[in-house]
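Data block for data-v8.txt (compact mmCIF, C-alpha atoms and all ligand atoms):
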# COMPACT_ATOMS: atom_id res chain seq x y z
CA MET A 1 37.28 -2.19 73.72
CA LYS A 2 40.56 -0.22 73.52
CA ILE A 3 41.10 2.69 75.89
CA PHE A 4 43.82 5.32 75.65
CA SER A 5 44.59 8.56 77.48
CA GLY A 6 47.60 10.73 78.15
CA ILE A 7 48.68 13.27 80.73
CA GLN A 8 51.56 15.74 80.77
CA PRO A 9 54.34 15.41 83.31
CA THR A 10 54.86 19.15 83.73
CA GLY A 11 53.48 21.12 86.65
CA ALA A 12 51.84 19.90 89.83
CA LYS A 13 48.71 17.86 89.17
CA HIS A 14 45.44 19.22 90.54
CA LEU A 15 41.86 18.28 91.27
CA GLY A 16 40.82 19.10 87.68
CA ASN A 17 43.30 16.51 86.43
CA TYR A 18 41.89 14.06 88.95
CA SER A 19 38.34 14.66 87.80
CA GLY A 20 38.81 14.64 84.01
CA GLY A 21 41.89 12.40 84.07
CA PHE A 22 42.99 10.05 86.87
CA ARG A 23 39.61 8.95 88.21
CA GLN A 24 38.33 8.26 84.70
CA TYR A 25 41.48 6.24 83.92
CA ALA A 26 40.89 4.02 86.95
CA ALA A 27 37.20 3.60 86.04
CA THR A 28 37.67 2.88 82.33
CA GLN A 29 40.50 0.35 82.82
CA GLU A 30 37.75 -2.05 83.84
CA GLN A 31 36.16 -1.88 80.39
CA GLY A 32 38.84 -3.35 78.15
CA GLU A 33 42.45 -3.11 77.05
CA ALA A 34 43.76 0.16 78.48
CA PHE A 35 46.87 2.24 77.75
CA PHE A 36 47.76 5.29 79.85
CA CYS A 37 50.67 7.42 78.83
CA VAL A 38 52.89 10.02 80.51
CA VAL A 39 53.19 12.34 77.52
CA ASP A 40 56.69 13.71 78.04
CA LEU A 41 57.11 14.63 74.36
CA HIS A 42 54.17 17.01 74.73
CA SER A 43 55.85 18.69 77.68
CA ILE A 44 58.67 20.20 75.64
CA THR A 45 56.26 22.36 73.64
CA ASN A 46 56.44 24.95 76.42
CA PRO A 47 59.78 26.12 77.89
CA HIS A 48 60.91 23.42 80.34
CA ASP A 49 63.73 22.46 82.68
CA PRO A 50 65.34 19.08 81.76
CA GLN A 51 66.01 18.00 85.36
CA ASP A 52 62.46 18.89 86.29
CA LEU A 53 61.04 16.87 83.39
CA ARG A 54 62.95 13.79 84.55
CA GLU A 55 61.64 14.03 88.13
CA ARG A 56 58.10 14.92 87.12
CA THR A 57 57.87 11.95 84.78
CA LEU A 58 58.41 9.56 87.69
CA ASP A 59 56.21 11.65 90.02
CA LEU A 60 53.36 11.42 87.55
CA ALA A 61 53.74 7.69 86.99
CA ALA A 62 53.58 7.19 90.78
CA LEU A 63 50.45 9.34 90.94
CA MET A 64 48.79 7.30 88.19
CA PHE A 65 49.24 4.12 90.20
CA ALA A 66 48.34 5.90 93.46
CA THR A 67 44.99 7.03 92.01
CA GLY A 68 44.01 3.51 91.09
CA LEU A 69 45.67 2.28 87.90
CA ASP A 70 46.40 -1.39 88.29
CA PRO A 71 49.65 -2.42 86.56
CA GLU A 72 48.28 -5.91 86.03
CA ARG A 73 45.31 -4.56 84.14
CA SER A 74 46.51 -1.37 82.47
CA THR A 75 49.57 -0.57 80.42
CA VAL A 76 51.19 2.54 81.89
CA PHE A 77 54.16 3.92 79.98
CA VAL A 78 56.16 6.98 78.97
CA GLN A 79 55.55 8.37 75.49
CA SER A 80 59.21 8.90 74.55
CA HIS A 81 59.97 5.22 75.36
CA VAL A 82 57.84 4.19 72.39
CA THR A 83 59.32 5.84 69.30
CA ALA A 84 56.23 5.03 67.22
CA HIS A 85 54.57 8.12 68.74
CA ALA A 86 57.04 10.59 67.25
CA GLU A 87 56.97 8.73 63.92
CA ALA A 88 53.17 8.66 63.78
CA ALA A 89 53.03 12.39 64.45
CA TRP A 90 55.20 13.11 61.42
CA LEU A 91 53.19 10.86 59.14
CA LEU A 92 49.89 12.29 60.35
CA SER A 93 51.07 15.86 59.83
CA ALA A 94 50.51 15.16 56.13
CA VAL A 95 46.77 14.78 56.72
CA THR A 96 46.34 17.54 59.31
CA SER A 97 45.23 20.93 58.14
CA TYR A 98 47.29 23.99 59.02
CA GLY A 99 44.07 26.00 59.29
CA GLN A 100 42.50 23.61 61.81
CA LEU A 101 45.64 23.64 63.98
CA GLY A 102 45.52 27.44 64.02
CA ARG A 103 41.93 27.33 65.32
CA MET A 104 42.84 25.31 68.43
CA THR A 105 41.90 27.50 71.41
CA GLN A 106 44.65 26.06 73.63
CA PHE A 107 47.22 27.02 71.02
CA LYS A 108 45.81 30.52 70.68
CA ASP A 109 45.65 31.06 74.46
CA LYS A 110 49.14 29.73 75.14
CA ALA A 111 50.70 31.48 72.13
CA GLU A 112 49.33 34.78 73.39
CA GLN A 113 51.07 34.36 76.75
CA GLN A 114 54.52 33.65 75.33
CA GLU A 115 57.15 35.59 73.48
CA PHE A 116 58.74 32.49 71.95
CA VAL A 117 56.05 30.29 70.43
CA SER A 118 57.55 26.93 69.47
CA ALA A 119 56.50 25.06 66.33
CA GLY A 120 55.80 22.15 68.68
CA LEU A 121 53.09 24.13 70.45
CA PHE A 122 51.36 24.48 67.10
CA THR A 123 51.72 20.84 65.99
CA TYR A 124 51.01 19.43 69.48
CA PRO A 125 47.54 18.08 68.54
CA VAL A 126 49.07 15.99 65.72
CA LEU A 127 51.26 14.19 68.26
CA MET A 128 48.16 13.65 70.39
CA ALA A 129 46.26 12.23 67.41
CA GLY A 130 49.11 9.78 66.84
CA ASP A 131 49.07 8.72 70.50
CA ILE A 132 45.44 7.79 70.24
CA LEU A 133 45.30 6.32 66.73
CA LEU A 134 48.34 4.03 67.11
CA TYR A 135 46.37 1.86 69.53
CA GLN A 136 43.15 1.59 67.48
CA THR A 137 41.51 3.34 70.39
CA ASP A 138 37.74 3.24 70.86
CA ILE A 139 37.44 5.56 73.85
CA VAL A 140 39.53 8.42 75.25
CA PRO A 141 38.71 9.46 78.83
CA ILE A 142 39.47 13.20 79.12
CA GLY A 143 38.26 16.49 80.54
CA ASP A 144 36.29 19.05 78.59
CA ASP A 145 39.37 21.17 77.76
CA GLN A 146 40.63 18.37 75.47
CA ARG A 147 37.40 18.15 73.46
CA GLN A 148 38.67 20.22 70.54
CA HIS A 149 41.91 18.19 70.34
CA LEU A 150 39.90 14.96 70.33
CA GLU A 151 37.70 16.25 67.52
CA LEU A 152 40.84 17.02 65.53
CA SER A 153 42.10 13.46 66.15
CA ARG A 154 38.85 12.12 64.75
CA ASP A 155 39.15 14.32 61.66
CA VAL A 156 42.72 13.20 61.11
CA ALA A 157 41.70 9.53 61.39
CA GLU A 158 38.87 10.01 58.91
CA ARG A 159 41.03 11.90 56.44
CA PHE A 160 43.75 9.24 56.57
CA ASN A 161 41.20 6.44 56.17
CA SER A 162 39.58 8.07 53.18
CA ARG A 163 42.87 8.93 51.46
CA PHE A 164 44.86 5.78 52.14
CA GLY A 165 42.24 3.15 53.01
CA GLU A 166 40.70 2.03 56.31
CA THR A 167 43.54 2.10 58.84
CA PHE A 168 42.31 3.67 62.07
CA THR A 169 39.41 3.24 64.45
CA VAL A 170 37.77 6.66 64.86
CA PRO A 171 37.95 7.32 68.63
CA ARG A 172 35.27 8.74 70.89
CA GLY A 173 35.88 11.07 73.84
CA VAL A 174 34.50 10.13 77.27
CA TYR A 175 33.83 13.04 79.63
CA PRO A 176 32.70 12.95 83.25
CA GLU A 177 29.04 13.77 83.86
CA SER A 178 30.01 16.36 86.41
CA GLY A 179 33.49 17.77 86.99
CA ALA A 180 34.38 17.74 83.28
CA ARG A 181 35.70 21.27 83.77
CA VAL A 182 36.71 21.98 87.35
CA MET A 183 37.09 25.73 87.78
CA ASP A 184 39.65 27.81 89.67
CA LEU A 185 38.40 28.50 93.21
CA GLN A 186 39.54 32.11 93.09
CA GLN A 187 38.47 32.81 89.50
CA PRO A 188 35.54 30.49 88.86
CA GLY A 189 35.27 31.86 85.31
CA ASN A 190 38.55 30.07 84.45
CA LYS A 191 39.34 26.38 84.54
CA MET A 192 41.61 25.02 87.26
CA SER A 193 44.97 24.83 85.53
CA THR A 194 48.66 24.26 86.17
CA THR A 195 49.85 26.95 83.83
CA GLY A 196 47.21 29.65 83.70
CA GLY A 197 45.65 29.29 87.14
CA ASN A 198 45.90 31.03 90.48
CA PRO A 199 47.80 28.76 92.95
CA GLN A 200 45.42 29.82 95.75
CA GLY A 201 42.49 28.71 93.61
CA THR A 202 44.08 25.41 92.58
CA ILE A 203 43.84 22.31 94.79
CA TYR A 204 46.97 20.27 94.11
CA LEU A 205 46.66 16.55 94.70
CA LEU A 206 49.64 16.68 97.03
CA ASP A 207 48.43 19.67 99.08
CA PRO A 208 48.42 18.92 102.82
CA PRO A 209 44.97 18.86 104.51
CA GLU A 210 45.26 22.30 106.11
CA VAL A 211 46.14 23.86 102.75
CA VAL A 212 43.16 22.17 101.06
CA ARG A 213 40.86 23.42 103.84
CA LYS A 214 42.12 26.99 103.53
CA LYS A 215 41.73 27.01 99.75
CA VAL A 216 38.18 25.68 99.87
CA LYS A 217 37.12 28.02 102.70
CA THR A 218 38.44 31.08 100.88
CA ALA A 219 36.86 30.04 97.55
CA VAL A 220 35.01 32.86 95.82
CA THR A 221 31.26 32.33 96.11
CA ASP A 222 28.25 34.12 94.70
CA SER A 223 25.58 36.29 96.22
CA GLY A 224 22.61 34.54 97.83
CA ARG A 225 22.85 31.57 100.15
CA GLU A 226 21.24 28.63 98.34
CA ILE A 227 23.36 25.60 97.49
CA VAL A 228 22.08 25.12 93.93
CA HIS A 229 23.80 24.31 90.67
CA ASP A 230 23.32 27.23 88.29
CA LEU A 231 26.10 27.86 85.79
CA ASN A 232 24.74 31.29 84.84
CA GLU A 233 24.11 32.84 88.22
CA LYS A 234 26.25 30.81 90.61
CA VAL A 235 29.55 29.76 89.07
CA GLY A 236 31.41 29.56 92.38
CA ILE A 237 28.85 27.42 94.22
CA SER A 238 28.23 25.27 91.12
CA ASN A 239 31.94 24.53 91.01
CA LEU A 240 32.01 23.54 94.69
CA ILE A 241 28.98 21.31 94.13
CA GLU A 242 30.79 19.58 91.25
CA ILE A 243 33.91 19.22 93.39
CA MET A 244 31.74 17.58 96.05
CA THR A 245 30.38 15.12 93.47
CA VAL A 246 33.96 14.23 92.49
CA ALA A 247 35.00 13.69 96.10
CA SER A 248 31.90 11.90 97.40
CA GLY A 249 30.59 10.09 94.32
CA GLU A 250 27.14 11.69 94.69
CA SER A 251 25.20 13.28 91.83
CA ILE A 252 24.63 17.03 91.61
CA ALA A 253 20.99 16.56 92.67
CA GLU A 254 22.03 14.50 95.70
CA VAL A 255 24.46 17.17 96.85
CA GLU A 256 21.85 19.91 96.40
CA LYS A 257 19.36 17.88 98.41
CA ARG A 258 21.80 17.10 101.21
CA PHE A 259 22.67 20.79 101.64
CA GLN A 260 19.20 22.25 101.26
CA GLY A 261 18.91 25.04 103.83
CA ALA A 262 22.60 24.86 104.82
CA GLY A 263 24.71 28.03 104.55
CA TYR A 264 27.80 28.55 102.43
CA GLY A 265 30.06 28.25 105.49
CA GLN A 266 28.87 24.78 106.44
CA PHE A 267 28.86 23.63 102.81
CA LYS A 268 32.43 24.77 102.23
CA SER A 269 33.65 23.06 105.35
CA GLU A 270 32.06 19.77 104.27
CA VAL A 271 33.48 20.09 100.75
CA ALA A 272 36.90 20.61 102.32
CA ASP A 273 36.50 17.50 104.51
CA ALA A 274 35.40 15.41 101.52
CA VAL A 275 38.37 16.53 99.41
CA VAL A 276 40.80 15.85 102.27
CA ALA A 277 39.28 12.37 102.71
CA LEU A 278 39.69 11.74 98.98
CA LEU A 279 43.30 12.92 98.83
CA GLU A 280 44.78 11.45 102.02
CA PRO A 281 44.93 7.79 100.91
CA ILE A 282 46.16 8.83 97.45
CA GLN A 283 48.98 10.82 99.04
CA GLY A 284 49.93 7.87 101.25
CA ARG A 285 50.14 5.46 98.31
CA TYR A 286 51.98 8.07 96.25
CA ARG A 287 54.70 8.50 98.88
CA GLU A 288 55.22 4.76 99.11
CA LEU A 289 55.46 4.29 95.35
CA ARG A 290 57.72 7.30 94.88
CA GLU A 291 60.24 5.96 97.39
CA ASP A 292 61.14 3.02 95.18
CA THR A 293 62.38 4.63 91.97
CA ALA A 294 63.89 1.39 90.65
CA GLU A 295 60.55 -0.42 90.92
CA LEU A 296 58.72 2.45 89.21
CA GLU A 297 61.24 2.36 86.39
CA ARG A 298 60.75 -1.38 86.03
CA MET A 299 56.98 -0.94 85.83
CA LEU A 300 57.39 1.72 83.14
CA ALA A 301 59.82 -0.45 81.20
CA ARG A 302 57.25 -3.26 81.16
CA GLY A 303 54.61 -0.78 80.01
CA ALA A 304 56.87 0.46 77.22
CA ALA A 305 57.55 -3.07 75.97
CA LYS A 306 53.82 -3.85 75.81
CA SER A 307 53.03 -0.54 74.11
CA ARG A 308 55.74 -0.97 71.49
CA GLU A 309 54.27 -4.29 70.57
CA ALA A 310 50.72 -2.94 70.48
CA ALA A 311 51.59 0.13 68.38
CA ALA A 312 53.91 -1.54 65.86
CA PRO A 313 51.31 -3.11 63.51
CA THR A 314 49.43 0.16 63.07
CA LEU A 315 52.62 2.13 62.43
CA GLU A 316 53.70 -0.45 59.83
CA LYS A 317 50.30 -0.17 58.18
CA MET A 318 50.63 3.62 58.07
CA TYR A 319 54.04 3.46 56.36
CA ASP A 320 52.82 0.83 53.96
CA ARG A 321 49.57 2.58 52.99
CA MET A 322 51.41 5.85 52.46
CA GLY A 323 53.79 4.17 50.02
CA PHE A 324 57.02 3.97 51.99
CA THR A 325 59.51 1.22 51.24
CA ARG A 326 60.55 -0.69 54.38
CA PRO A 327 63.98 -2.12 55.16
CA LYS A 328 64.13 -5.85 54.47
CA GLY A 329 65.69 -8.18 57.06
CA VAL A 330 69.51 -8.55 56.83
P1 LIG A 401 46.74 17.54 80.54
O1 LIG A 401 48.01 16.92 80.98
O2 LIG A 401 46.67 19.04 80.48
O3 LIG A 401 45.55 17.07 81.47
C1 LIG A 401 45.34 15.72 81.83
C2 LIG A 401 43.86 15.43 81.95
O4 LIG A 401 43.26 16.32 82.91
C3 LIG A 401 42.11 16.93 82.35
N1 LIG A 401 41.93 18.26 82.95
C4 LIG A 401 40.78 18.66 83.53
N2 LIG A 401 39.60 18.04 83.72
C5 LIG A 401 38.64 18.72 84.38
N3 LIG A 401 38.80 19.99 84.85
C6 LIG A 401 39.96 20.66 84.67
N4 LIG A 401 40.12 21.89 85.15
C7 LIG A 401 41.03 19.98 83.98
N5 LIG A 401 42.30 20.34 83.66
C8 LIG A 401 42.84 19.27 83.02
C9 LIG A 401 42.42 17.02 80.86
O5 LIG A 401 41.26 17.18 80.10
C10 LIG A 401 43.12 15.70 80.62
O6 LIG A 401 42.19 14.68 80.39
N6 LIG A 401 46.82 17.04 75.55
C11 LIG A 401 46.59 16.35 76.80
C12 LIG A 401 47.49 15.15 76.99
C13 LIG A 401 47.44 14.15 75.91
C14 LIG A 401 46.38 13.22 75.64
C15 LIG A 401 46.84 12.43 74.56
C16 LIG A 401 45.13 13.02 76.22
C17 LIG A 401 48.43 13.88 75.02
N7 LIG A 401 48.09 12.86 74.20
C18 LIG A 401 46.03 11.43 74.05
C19 LIG A 401 44.33 12.00 75.70
C20 LIG A 401 44.77 11.22 74.63
C21 LIG A 401 46.87 17.29 77.96
O7 LIG A 401 47.66 18.20 77.85
O8 LIG A 401 46.28 16.94 79.14
Once you've parsed the file, please lay out its structure as structure tokens.
Amino acid sequence: MKIFSGIQPTGAKHLGNYSGGFRQYAATQEQGEAFFCVVDLHSITNPHDPQDLRERTLDLAALMFATGLDPERSTVFVQSHVTAHAEAAWLLSAVTSYGQLGRMTQFKDKAEQQEFVSAGLFTYPVLMAGDILLYQTDIVPIGDDQRQHLELSRDVAERFNSRFGETFTVPRGVYPESGARVMDLQQPGNKMSTTGGNPQGTIYLLDPPEVVRKKVKTAVTDSGREIVHDLNEKVGISNLIEIMTVASGESIAEVEKRFQGAGYGQFKSEVADAVVALLEPIQGRYRELREDTAELERMLARGAAKSREAAAPTLEKMYDRMGFTRPKGV
């Protein structure tokens, strides 16, 4: 089984990223050959600061190891270190429909918020399709907000296969049972997000304990006092229940049962404790890893070498099937 996922190095990572991303990476690495990628090429599709990108790339790599990726088991690397990704994106743009790209909700939302809309923001899902398809990926652990992009990757794979012959495995998305879409604590109608969210409603993975506690305690809740999961009537409490499942490993039903008869105040304070207990060891490991930049860079260099080797045969196949001549050895 081949596993691939990617995560952007821009912005501070939050509990939503942990739920849909990091924790699923650590869990799925046990199931086969796993590749996890810091997708720095994706991060230039929105206005960015070069110095910031450099720092954030290393921060994110440290966080990936701190949340449980094992460098002996998983290949962790930076997208721009493996040039096959940019090449694959160009080749796949020939089998990606302009109309389908225009229907991507993330593109529409982000384009609306910006005056300058880069071409890269529009073609972003083609790069993502290349990331996944280069590794003959079977499963892609992601959060719910990436569902539409994953569907597009599947369509691209199928179109390429039918036009040029069987080349790609058609990948399948893997979503968490609960916590696939962690919502903003202040605006529980919106997902927790680096770019569009409210910082008070976003739990960052590096928030100190007192900040986490304050954010959870001031979370917007619904009328009534029952701790029950009800996405129509109780979006705020349902979100806190899902956050509890992420932090404690319980199911939604187990959390509901444990807090039967408890009030919102007590529930919130226990959710806060559980999140603090989840984040503290991650933060400790993160600080240690981040101190040794040279070692992190060595780990990423090893990851890049392995990824280059793994991606090369598929890229060659793509060029060949599409009719490109290839340089012969000198
Ligand atoms: P990114 O960097 O925005 O997010 C990384 C992961 O976090 C998940 N996520 C969430 N999960 C639950 N609740 C939330 N509120 C929440 N917010 C974010 C995302 O679903 C994602 O799994 N396009 C991708 C990066 C990418 C990629 C890939 C992913 C590039 N190439 C190939 C998979 C495979 C992105 O921007 O994720």
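Distances here use all atoms listed in the file; by that measure, the residue among A:Arg308, A:Lys13, A:Lys214, A:Arg302 closest to ligand LIG 401 (chain A) is A:Lys13.
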Check your understanding: Any idea what's packed within 6 Å of range 262-273 of chain A, counting all atoms listed in the file, ignoring anything in its chain fewer than 5 positions away? Could you give it as JSON, numbers by chain?
Key -> {"A": [213, 216, 217, 225, 244]}
- Task: Just the residues within 8 Å of Gly6 in chain A, please, counting only C-alpha atoms, with nothing from its chain fewer than 3 positions along; format it as a ChimeraX atom specification.
- Result: /A:36-39
**Prompt:** Got a sec to check which residues lie within 6 Å of ligand LIG 401 (chain A), using only C-alpha atoms and all ligand atoms, and send them as a list in words?
**Reply:** Ser5, Gly6, Ile7, Gln8, Gly16, Asn17, Ser19, Gly20, Gly21, Val39, Met128, Asp131, Ile132, Val140, Ile142, Gly143, Asp144, Asp145, Gln146, Gly179, Ala180, Arg181, Val182, Met183, Lys191, Met192 and Ser193 of chain A
Counting all atoms listed in the file, the residue of A:Thr67, A:Thr293, A:Ser238, A:Thr96 that sits nearest Phe160 in chain A:
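Among the listed residues, A:Thr96 lies closest to Phe160 in chain A.
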Legend entry - Of the listed residues A:Pro188, A:His229, A:Ala304, A:His85, that which approaches Glu256 in chain A most closely, counting all atoms listed in the file: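 Checking each candidate against Glu256 in chain A, we get A:His229 as the closest.
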| query | When you draw a straight line from CA of Arg298 in chain A to CA of Phe65 in chain A, how long is it in Å? | reply |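 Taking CA of Arg298 in chain A and CA of Phe65 in chain A, their separation equals 13.4 Å.
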* Do a neighbour search on Asp138 in chain A at 9 Å with all atoms listed in the file, toss out local chain neighbours closer than 5 positions, and write the hits as a PyMOL selection string. => chain A and resi 1-4+132+169-173
Kindly indicate which residue among A:Val220, A:Ala253, A:Leu289, A:Met64 lies nearest to Tyr25 in chain A, using only C-alpha atoms for the distances.
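Under the stated criterion, the closest residue is A:Met64.
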Place a sphere of radius 12 Å on (22.7, 15.0, 96.2) in the file coordinates and name every protein, DNA or RNA residue with an atom inside or on its surface, counting only C-alpha atoms; give the answer as a PDB file with C-alpha atoms, in the coordinates of the input.
ATOM      1  CA  ILE A 227      23.360  25.600  97.490  1.00  0.00           C
ATOM      2  CA  VAL A 228      22.080  25.120  93.930  1.00  0.00           C
ATOM      3  CA  HIS A 229      23.800  24.310  90.670  1.00  0.00           C
ATOM      4  CA  ILE A 241      28.980  21.310  94.130  1.00  0.00           C
ATOM      5  CA  GLU A 242      30.790  19.580  91.250  1.00  0.00           C
ATOM      6  CA  MET A 244      31.740  17.580  96.050  1.00  0.00           C
ATOM      7  CA  THR A 245      30.380  15.120  93.470  1.00  0.00           C
ATOM      8  CA  VAL A 246      33.960  14.230  92.490  1.00  0.00           C
ATOM      9  CA  SER A 248      31.900  11.900  97.400  1.00  0.00           C
ATOM     10  CA  GLY A 249      30.590  10.090  94.320  1.00  0.00           C
ATOM     11  CA  GLU A 250      27.140  11.690  94.690  1.00  0.00           C
ATOM     12  CA  SER A 251      25.200  13.280  91.830  1.00  0.00           C
ATOM     13  CA  ILE A 252      24.630  17.030  91.610  1.00  0.00           C
ATOM     14  CA  ALA A 253      20.990  16.560  92.670  1.00  0.00           C
ATOM     15  CA  GLU A 254      22.030  14.500  95.700  1.00  0.00           C
ATOM     16  CA  VAL A 255      24.460  17.170  96.850  1.00  0.00           C
ATOM     17  CA  GLU A 256      21.850  19.910  96.400  1.00  0.00           C
ATOM     18  CA  LYS A 257      19.360  17.880  98.410  1.00  0.00           C
ATOM     19  CA  ARG A 258      21.800  17.100 101.210  1.00  0.00           C
ATOM     20  CA  PHE A 259      22.670  20.790 101.640  1.00  0.00           C
ATOM     21  CA  GLN A 260      19.200  22.250 101.260  1.00  0.00           C
TER      22      GLN A 260
END
Of A:Ala310, A:Ala61, A:Val211, A:Leu101, the one sitting nearest Val76 in chain A when using all atoms listed in the file is A:Ala61
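For the pair CA of Met104 in chain A and CA of Thr45 in chain A, the interatomic distance is 14.7 Å.
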Original post:
Given the choices A:Leu152, A:Met322, A:Leu240, A:Ala34, which gets closest to Gly303 in chain A if the distance is worked out from all atoms listed in the file?
Top reply: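 Of A:Leu152, A:Met322, A:Leu240, A:Ala34, the one nearest Gly303 in chain A, counting all atoms listed in the file, is A:Ala34.
If you look at CA of Lys328 in chain A and CA of Ala312 in chain A, they are 15.9 Å away from each other.
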Selection near Gln29 in chain A, 9 Å with only C-alpha atoms, sequence-local residues under 5 positions removed, as a JSON list (two decimals) with C-alpha atoms, keeping the file's coordinate frame:
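Saved as part37.json:
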[["chain", "number", "residue", "atom", "x", "y", "z"],
["A", 3, "ILE", "CA", 41.10, 2.69, 75.89],
["A", 24, "GLN", "CA", 38.33, 8.26, 84.70],
["A", 34, "ALA", "CA", 43.76, 0.16, 78.48],
["A", 35, "PHE", "CA", 46.87, 2.24, 77.75],
["A", 69, "LEU", "CA", 45.67, 2.28, 87.90],
["A", 70, "ASP", "CA", 46.40, -1.39, 88.29],
["A", 73, "ARG", "CA", 45.31, -4.56, 84.14],
["A", 74, "SER", "CA", 46.51, -1.37, 82.47]]
I want to know what sits within 8 Å of Val212 in chain A, based on only C-alpha atoms, with residues of the same chain fewer than 2 positions away left out; could you give that as a list in words?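 My reading of the contact set: Ile203, Asp207, Pro208, Pro209, Glu210, Lys214, Lys215, Val216, Ala272, Val275 and Val276 of chain A.
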Please write as a PyMOL selection string the list of polymer residues whose atoms come within 10 Å of (42.7, 10.8, 99.7), counting only C-alpha atoms and keeping to the coordinates of the file. chain A and resi 66-67+205-206+209+247+274-285
